[in-house]
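For reference, entry_19.tsv (TSV, C-alpha atoms):
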```tsv
chain	number	residue	atom	x	y	z
Z	22	MET	CA	0.00	0.00	0.00
Z	23	LEU	CA	1.35	3.39	-1.01
Z	24	LYS	CA	1.60	6.04	1.67
Z	25	PRO	CA	-0.45	9.16	0.97
Z	26	PRO	CA	1.59	12.30	0.33
Z	27	GLN	CA	2.06	14.81	3.14
Z	28	ARG	CA	-0.25	17.81	3.02
Z	29	TRP	CA	2.70	20.22	2.76
Z	30	ALA	CA	4.11	18.23	-0.17
Z	31	VAL	CA	0.74	18.38	-1.96
Z	32	ILE	CA	0.54	22.15	-1.47
Z	33	ALA	CA	4.14	22.56	-2.66
Z	34	ALA	CA	3.59	20.40	-5.75
Z	35	TRP	CA	0.46	22.31	-6.76
Z	36	ALA	CA	2.16	25.67	-6.14
Z	37	SER	CA	5.06	24.46	-8.27
Z	38	ALA	CA	2.80	23.31	-11.11
Z	39	VAL	CA	0.79	26.54	-11.09
Z	40	GLY	CA	4.00	28.62	-10.93
Z	41	GLY	CA	5.38	26.75	-13.93
Z	42	LEU	CA	2.16	27.16	-15.90
Z	43	MET	CA	1.69	30.91	-15.34
Z	44	PRO	CA	4.16	31.98	-18.07
Z	45	VAL	CA	2.49	29.44	-20.37
Z	46	VAL	CA	-0.84	31.19	-19.81
Z	47	TRP	CA	0.78	34.53	-20.66
Z	48	ARG	CA	2.41	33.15	-23.83
Z	49	LEU	CA	-0.89	31.63	-24.95
Z	50	HIS	CA	-2.57	34.94	-24.31
Z	51	MET	CA	0.07	36.65	-26.46
Z	52	LEU	CA	-0.41	34.18	-29.30
Z	53	VAL	CA	-4.20	34.06	-29.27
Z	54	TRP	CA	-5.34	37.49	-28.07
Z	55	GLY	CA	-2.14	39.50	-28.38
Z	56	ALA	CA	-3.30	41.83	-31.12
Z	57	GLY	CA	-1.96	45.29	-30.39
Z	58	TRP	CA	0.79	44.10	-28.05
Z	59	GLU	CA	4.33	44.67	-29.29
Z	60	LEU	CA	5.49	41.20	-28.25
Z	61	ALA	CA	2.60	39.48	-30.02
Z	62	ASP	CA	3.99	40.41	-33.42
Z	63	GLU	CA	7.41	39.05	-32.41
Z	64	PHE	CA	5.84	35.80	-31.18
Z	65	ARG	CA	3.99	35.22	-34.43
Z	66	ARG	CA	7.03	35.49	-36.70
Z	67	GLY	CA	8.36	32.34	-38.39
Z	68	GLY	CA	10.93	30.54	-36.26
Z	69	LEU	CA	9.99	32.39	-33.10
Z	70	LEU	CA	6.45	31.05	-33.33
Z	71	VAL	CA	7.79	27.48	-33.49
Z	72	TYR	CA	10.10	28.24	-30.54
Z	73	VAL	CA	7.28	29.70	-28.43
Z	74	LEU	CA	4.93	26.80	-29.22
Z	75	GLY	CA	7.69	24.31	-28.36
Z	76	LEU	CA	8.39	26.16	-25.13
Z	77	ILE	CA	4.69	26.06	-24.25
Z	78	VAL	CA	4.54	22.29	-24.77
Z	79	VAL	CA	7.77	21.49	-22.91
Z	80	GLU	CA	7.03	23.83	-20.00
Z	81	THR	CA	3.47	22.52	-19.65
Z	82	LEU	CA	4.62	18.89	-19.55
Z	83	ALA	CA	7.44	19.67	-17.11
Z	84	ALA	CA	5.17	21.69	-14.81
Z	85	LEU	CA	2.51	18.98	-14.77
Z	86	ALA	CA	5.13	16.25	-14.20
Z	87	VAL	CA	5.67	17.75	-10.73
Z	88	LEU	CA	2.25	16.39	-9.80
Z	89	GLY	CA	3.60	12.86	-10.31
Z	90	LEU	CA	5.40	13.30	-6.98
Z	91	ILE	CA	2.05	13.37	-5.19
Z	92	GLN	CA	-0.18	11.25	-7.43
Z	93	PRO	CA	-0.46	7.46	-7.77
Z	94	TRP	CA	0.45	7.70	-11.48
Z	95	GLY	CA	3.87	8.96	-10.36
Z	96	GLU	CA	4.48	5.84	-8.28
Z	97	VAL	CA	3.20	2.97	-10.44
Z	98	TRP	CA	3.76	2.54	-14.18
Z	99	PRO	CA	0.49	2.67	-16.13
Z	100	ARG	CA	-0.71	-0.80	-17.17
Z	101	TRP	CA	-0.41	0.08	-20.87
Z	102	VAL	CA	3.40	0.58	-20.65
Z	103	PRO	CA	5.00	-2.55	-22.16
Z	104	GLY	CA	7.20	-4.60	-19.85
Z	105	VAL	CA	6.72	-2.50	-16.71
Z	106	GLY	CA	2.99	-1.77	-16.68
Z	107	GLY	CA	1.53	-2.06	-13.19
Z	108	ARG	CA	4.94	-2.22	-11.48
Z	109	ARG	CA	6.17	0.28	-8.94
Z	110	ILE	CA	8.40	3.02	-10.36
Z	111	SER	CA	11.89	3.00	-8.85
Z	112	THR	CA	12.24	5.60	-6.11
Z	113	ARG	CA	15.80	6.27	-7.27
Z	114	LEU	CA	14.59	6.89	-10.81
Z	115	VAL	CA	11.90	9.32	-9.67
Z	116	LEU	CA	14.25	11.18	-7.31
Z	117	GLY	CA	17.01	11.28	-9.91
Z	118	VAL	CA	14.85	12.62	-12.72
Z	119	ALA	CA	13.05	15.07	-10.42
Z	120	SER	CA	16.33	16.35	-8.96
Z	121	VAL	CA	17.94	16.89	-12.37
Z	122	GLY	CA	14.78	18.67	-13.51
Z	123	ALA	CA	14.74	20.80	-10.36
Z	124	LEU	CA	18.40	21.75	-10.87
Z	125	LEU	CA	17.72	22.79	-14.48
Z	126	ILE	CA	14.59	24.74	-13.61
Z	127	THR	CA	16.33	26.44	-10.68
Z	128	ALA	CA	19.25	27.43	-12.91
Z	129	ILE	CA	17.06	28.70	-15.76
Z	130	ILE	CA	14.81	30.78	-13.52
Z	131	SER	CA	17.69	32.07	-11.39
Z	132	ILE	CA	19.72	33.14	-14.43
Z	133	THR	CA	16.69	34.77	-16.05
Z	134	PHE	CA	15.79	36.83	-12.98
Z	135	TRP	CA	19.46	37.64	-12.23
Z	136	GLU	CA	19.99	38.99	-15.76
Z	137	LEU	CA	16.79	41.03	-15.65
Z	138	LEU	CA	17.74	42.52	-12.27
Z	139	THR	CA	21.31	43.20	-13.38
Z	140	LEU	CA	20.25	44.89	-16.61
Z	141	THR	CA	17.61	46.93	-14.82
Z	142	ALA	CA	20.06	48.01	-12.09
Z	143	GLN	CA	22.55	49.11	-14.76
Z	144	GLY	CA	19.87	51.10	-16.51
Z	145	ILE	CA	20.19	48.99	-19.64
Z	146	SER	CA	17.01	48.58	-21.62
Z	147	ASN	CA	16.16	44.90	-21.53
Z	148	PRO	CA	13.87	43.21	-24.01
Z	149	ILE	CA	11.31	42.00	-21.50
Z	150	LEU	CA	10.54	44.84	-19.13
Z	151	HIS	CA	10.87	47.66	-21.65
Z	152	VAL	CA	8.85	46.21	-24.50
Z	153	GLU	CA	5.51	46.60	-22.81
Z	154	ALA	CA	4.40	49.38	-20.49
Z	155	GLY	CA	1.64	50.14	-18.03
Z	156	TRP	CA	-1.03	47.50	-17.50
Z	157	LYS	CA	0.52	45.25	-20.16
Z	158	ARG	CA	3.76	45.05	-18.20
Z	159	ALA	CA	1.82	44.45	-14.97
Z	160	PHE	CA	-0.17	41.69	-16.68
Z	161	MET	CA	3.04	40.05	-17.93
Z	162	LEU	CA	4.78	40.31	-14.55
Z	163	ALA	CA	1.71	38.91	-12.79
Z	164	HIS	CA	2.28	35.77	-14.86
Z	165	TYR	CA	6.07	35.63	-14.48
Z	166	VAL	CA	6.56	36.46	-10.78
Z	167	PRO	CA	4.85	33.19	-9.67
Z	168	TRP	CA	7.39	31.38	-11.88
Z	169	VAL	CA	9.78	31.36	-8.91
Z	170	LEU	CA	7.37	29.01	-7.11
Z	171	TRP	CA	8.16	26.30	-9.64
Z	172	PRO	CA	11.63	25.28	-8.42
Z	173	ILE	CA	10.89	26.05	-4.76
Z	174	GLY	CA	7.75	23.93	-4.73
Z	175	LEU	CA	9.47	21.21	-6.73
Z	176	TRP	CA	12.32	20.90	-4.22
Z	177	VAL	CA	9.81	20.70	-1.34
Z	178	ALA	CA	7.71	18.08	-3.22
Z	179	ILE	CA	10.88	16.05	-3.92
Z	180	ASN	CA	11.66	16.17	-0.21
Z	181	GLY	CA	8.15	14.93	0.58
Z	182	TYR	CA	8.46	12.10	-1.94
Z	183	ALA	CA	11.85	11.07	-0.52
Z	184	ARG	CA	10.55	11.07	3.05
Z	185	ARG	CA	7.50	9.02	2.05
Z	186	HIS	CA	9.65	6.37	0.37
```
Here is the file; what I need is its structure written in the form of structure tokens.
Amino acid sequence: MLKPPQRWAVIAAWASAVGGLMPVVWRLHMLVWGAGWELADEFRRGGLLVYVLGLIVVETLAALAVLGLIQPWGEVWPRWVPGVGGRRISTRLVLGVASVGALLITAIISITFWELLTLTAQGISNPILHVEAGWKRAFMLAHYVPWVLWPIGLWVAINGYARRH
């Protein structure tokens, strides 16, 4: 019998998933309803459109994968998976993959925010904060500030998974 996840691990995993999905919501908004926004035109151009769509797919899958740390489908292989269906997923495998993912996400988000803060402190116009102004910037930041919850919640959820197993 699998132990249920700790309440704090469930809260952390959901906060992580929502934090990871917030920029996705903003990017979708830019692509679908972005008419009149300066970044929308950039998003819709050739290769950048493919990049943004790819980023949306990868980030969505990665953010939702966090929930596997607190759900039964993250502990037992689905029956339809050949050779391992119905078997317990190795705790080492889960912790290894989750930890590598958490390291990458932590690095990406840390570097992104560090560069934005550094450029802003130096008075250098950066492509994110100076493209949009007023309520559009506030709307964008409202979707990117929760992004920091993704790695924090993921590390806490990993800790909960490790303690449970």
Please write as a short mmCIF file (atom, residue, chain, number, x, y, z; two decimals) with C-alpha atoms, in the frame of the given file the list of polymer residues whose atoms come within 12 Å of (-3.4, 29.3, -27.6), counting all atoms listed in the file and keeping to the coordinates of the file.
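Once written, part21.cif looks like this:
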```
data_model
loop_
_atom_site.label_atom_id
_atom_site.label_comp_id
_atom_site.auth_asym_id
_atom_site.auth_seq_id
_atom_site.Cartn_x
_atom_site.Cartn_y
_atom_site.Cartn_z
CA VAL Z 45 2.49 29.44 -20.37
CA VAL Z 46 -0.84 31.19 -19.81
CA TRP Z 47 0.78 34.53 -20.66
CA ARG Z 48 2.41 33.15 -23.83
CA LEU Z 49 -0.89 31.63 -24.95
CA HIS Z 50 -2.57 34.94 -24.31
CA MET Z 51 0.07 36.65 -26.46
CA LEU Z 52 -0.41 34.18 -29.30
CA VAL Z 53 -4.20 34.06 -29.27
CA TRP Z 54 -5.34 37.49 -28.07
CA GLY Z 55 -2.14 39.50 -28.38
CA PHE Z 64 5.84 35.80 -31.18
CA ARG Z 65 3.99 35.22 -34.43
CA LEU Z 70 6.45 31.05 -33.33
CA VAL Z 73 7.28 29.70 -28.43
CA LEU Z 74 4.93 26.80 -29.22
CA ILE Z 77 4.69 26.06 -24.25
CA VAL Z 78 4.54 22.29 -24.77
#
```
Determine, counting only C-alpha atoms, which protein, DNA and RNA residues have an atom within 12 Å of an atom of Arg28 (chain Z); residues of the same chain fewer than 5 positions away are not included. Present the result as number ranges by chain. Z: 33-35, 91, 177-178, 181-182, 185
Taking (10.8, 15.8, -4.2) as a centre in this file's frame and 9 Å as the limit, can you find every polymer residue with an atom that close, using all atoms listed in the file, and give them as a ChimeraX atom specification? /Z:30,34,87,90,115-116,119-120,123,174-184
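From CA of Leu162 (chain Z) back to CA of Gly89 (chain Z), the distance works out to 27.8 Å.
The closest residue to Ile130 (chain Z), picked from Z:Val79, Z:Ile173, Z:Ala38, Z:Leu114 and counting all atoms listed in the file, is Z:Ile173.
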Do you have the CA of Gly117 (chain Z)-CA of Ser37 (chain Z) distance handy? 17.9 Å
Which distance in Å separates CA of Trp156 (chain Z) and CA of Pro44 (chain Z), to one decimal? 16.4 Å
Go through Z:Arg158, Z:Val166, Z:Phe134, Z:Pro26 one by one, measure the shortest atom-to-atom distance of each to Gln92 (chain Z) using all atoms listed in the file, and give the residue with the smallest value.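 Result for the nearest residue to Gln92 (chain Z): Z:Pro26.
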Closest of Z:Val102, Z:Ile110, Z:Trp168, Z:Phe160 to Thr133 (chain Z), counting all atoms listed in the file, is Z:Trp168
Select, from Z:Val105, Z:Val118, Z:Leu69, Z:Met43, the residue with the minimum atom-to-atom distance to Thr81 (chain Z), counting all atoms listed in the file.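 The closest residue to Thr81 (chain Z) is Z:Met43.
Distances from Z:Leu88, Z:Glu96, Z:Leu42, Z:Leu125 to Arg113 (chain Z) were compared using all atoms listed in the file, and the smallest one belongs to Z:Glu96.
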Assuming the input is short of atoms at region 108-137 of chain Z, produce N, CA and C atoms for that part as an mmCIF file, in the frame of the given file.
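And here is the file that came out, part.cif:
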```cif
data_model
loop_
_atom_site.group_PDB
_atom_site.id
_atom_site.type_symbol
_atom_site.label_atom_id
_atom_site.label_comp_id
_atom_site.auth_asym_id
_atom_site.auth_seq_id
_atom_site.Cartn_x
_atom_site.Cartn_y
_atom_site.Cartn_z
ATOM 1 N N ARG Z 108 3.856 -2.116 -12.479
ATOM 2 C CA ARG Z 108 4.940 -2.220 -11.480
ATOM 3 C C ARG Z 108 5.227 -0.862 -10.859
ATOM 4 N N ARG Z 109 5.784 -0.933 -9.668
ATOM 5 C CA ARG Z 109 6.170 0.280 -8.940
ATOM 6 C C ARG Z 109 7.338 0.950 -9.661
ATOM 7 N N ILE Z 110 7.304 2.271 -9.760
ATOM 8 C CA ILE Z 110 8.400 3.020 -10.360
ATOM 9 C C ILE Z 110 9.505 3.149 -9.317
ATOM 10 N N SER Z 111 10.734 2.930 -9.740
ATOM 11 C CA SER Z 111 11.890 3.000 -8.850
ATOM 12 C C SER Z 111 11.976 4.371 -8.178
ATOM 13 N N THR Z 112 12.099 4.357 -6.860
ATOM 14 C CA THR Z 112 12.240 5.600 -6.110
ATOM 15 C C THR Z 112 13.485 6.350 -6.555
ATOM 16 N N ARG Z 113 14.552 5.632 -6.804
ATOM 17 C CA ARG Z 113 15.800 6.270 -7.270
ATOM 18 C C ARG Z 113 15.592 6.961 -8.611
ATOM 19 N N LEU Z 114 14.865 6.303 -9.500
ATOM 20 C CA LEU Z 114 14.590 6.890 -10.810
ATOM 21 C C LEU Z 114 13.805 8.188 -10.661
ATOM 22 N N VAL Z 115 12.739 8.136 -9.873
ATOM 23 C CA VAL Z 115 11.900 9.320 -9.670
ATOM 24 C C VAL Z 115 12.721 10.456 -9.050
ATOM 25 N N LEU Z 116 13.461 10.140 -7.983
ATOM 26 C CA LEU Z 116 14.250 11.180 -7.310
ATOM 27 C C LEU Z 116 15.359 11.719 -8.210
ATOM 28 N N GLY Z 117 15.957 10.844 -9.005
ATOM 29 C CA GLY Z 117 17.010 11.280 -9.910
ATOM 30 C C GLY Z 117 16.495 12.214 -10.986
ATOM 31 N N VAL Z 118 15.427 11.795 -11.654
ATOM 32 C CA VAL Z 118 14.850 12.620 -12.720
ATOM 33 C C VAL Z 118 14.313 13.933 -12.151
ATOM 34 N N ALA Z 119 13.611 13.856 -11.033
ATOM 35 C CA ALA Z 119 13.050 15.070 -10.420
ATOM 36 C C ALA Z 119 14.148 16.024 -9.978
ATOM 37 N N SER Z 120 15.229 15.493 -9.427
ATOM 38 C CA SER Z 120 16.330 16.350 -8.960
ATOM 39 C C SER Z 120 17.053 17.020 -10.117
ATOM 40 N N VAL Z 121 17.303 16.276 -11.181
ATOM 41 C CA VAL Z 121 17.940 16.890 -12.370
ATOM 42 C C VAL Z 121 17.022 17.972 -12.936
ATOM 43 N N GLY Z 122 15.735 17.668 -13.031
ATOM 44 C CA GLY Z 122 14.780 18.670 -13.510
ATOM 45 C C GLY Z 122 14.749 19.896 -12.612
ATOM 46 N N ALA Z 123 14.766 19.680 -11.302
ATOM 47 C CA ALA Z 123 14.740 20.800 -10.360
ATOM 48 C C ALA Z 123 16.007 21.650 -10.482
ATOM 49 N N LEU Z 124 17.150 21.002 -10.679
ATOM 50 C CA LEU Z 124 18.400 21.750 -10.870
ATOM 51 C C LEU Z 124 18.328 22.612 -12.134
ATOM 52 N N LEU Z 125 17.838 22.032 -13.224
ATOM 53 C CA LEU Z 125 17.720 22.790 -14.480
ATOM 54 C C LEU Z 125 16.749 23.951 -14.346
ATOM 55 N N ILE Z 126 15.603 23.692 -13.763
ATOM 56 C CA ILE Z 126 14.590 24.740 -13.610
ATOM 57 C C ILE Z 126 15.106 25.845 -12.679
ATOM 58 N N THR Z 127 15.761 25.457 -11.593
ATOM 59 C CA THR Z 127 16.330 26.440 -10.680
ATOM 60 C C THR Z 127 17.357 27.304 -11.395
ATOM 61 N N ALA Z 128 18.225 26.678 -12.177
ATOM 62 C CA ALA Z 128 19.250 27.430 -12.910
ATOM 63 C C ALA Z 128 18.627 28.373 -13.928
ATOM 64 N N ILE Z 129 17.681 27.880 -14.714
ATOM 65 C CA ILE Z 129 17.060 28.700 -15.760
ATOM 66 C C ILE Z 129 16.354 29.915 -15.159
ATOM 67 N N ILE Z 130 15.567 29.682 -14.124
ATOM 68 C CA ILE Z 130 14.810 30.780 -13.520
ATOM 69 C C ILE Z 130 15.745 31.742 -12.797
ATOM 70 N N SER Z 131 16.739 31.215 -12.101
ATOM 71 C CA SER Z 131 17.690 32.070 -11.390
ATOM 72 C C SER Z 131 18.469 32.953 -12.361
ATOM 73 N N ILE Z 132 18.957 32.372 -13.438
ATOM 74 C CA ILE Z 132 19.720 33.140 -14.430
ATOM 75 C C ILE Z 132 18.826 34.192 -15.090
ATOM 76 N N THR Z 133 17.607 33.818 -15.420
ATOM 77 C CA THR Z 133 16.690 34.770 -16.050
ATOM 78 C C THR Z 133 16.431 35.968 -15.158
ATOM 79 N N PHE Z 134 16.072 35.718 -13.897
ATOM 80 C CA PHE Z 134 15.790 36.830 -12.980
ATOM 81 C C PHE Z 134 17.059 37.621 -12.667
ATOM 82 N N TRP Z 135 18.193 36.952 -12.514
ATOM 83 C CA TRP Z 135 19.460 37.640 -12.230
ATOM 84 C C TRP Z 135 19.799 38.594 -13.380
ATOM 85 N N GLU Z 136 19.672 38.127 -14.612
ATOM 86 C CA GLU Z 136 19.990 38.990 -15.760
ATOM 87 C C GLU Z 136 19.028 40.165 -15.849
ATOM 88 N N LEU Z 137 17.750 39.919 -15.605
ATOM 89 C CA LEU Z 137 16.790 41.030 -15.650
ATOM 90 C C LEU Z 137 17.092 42.059 -14.565
#
```
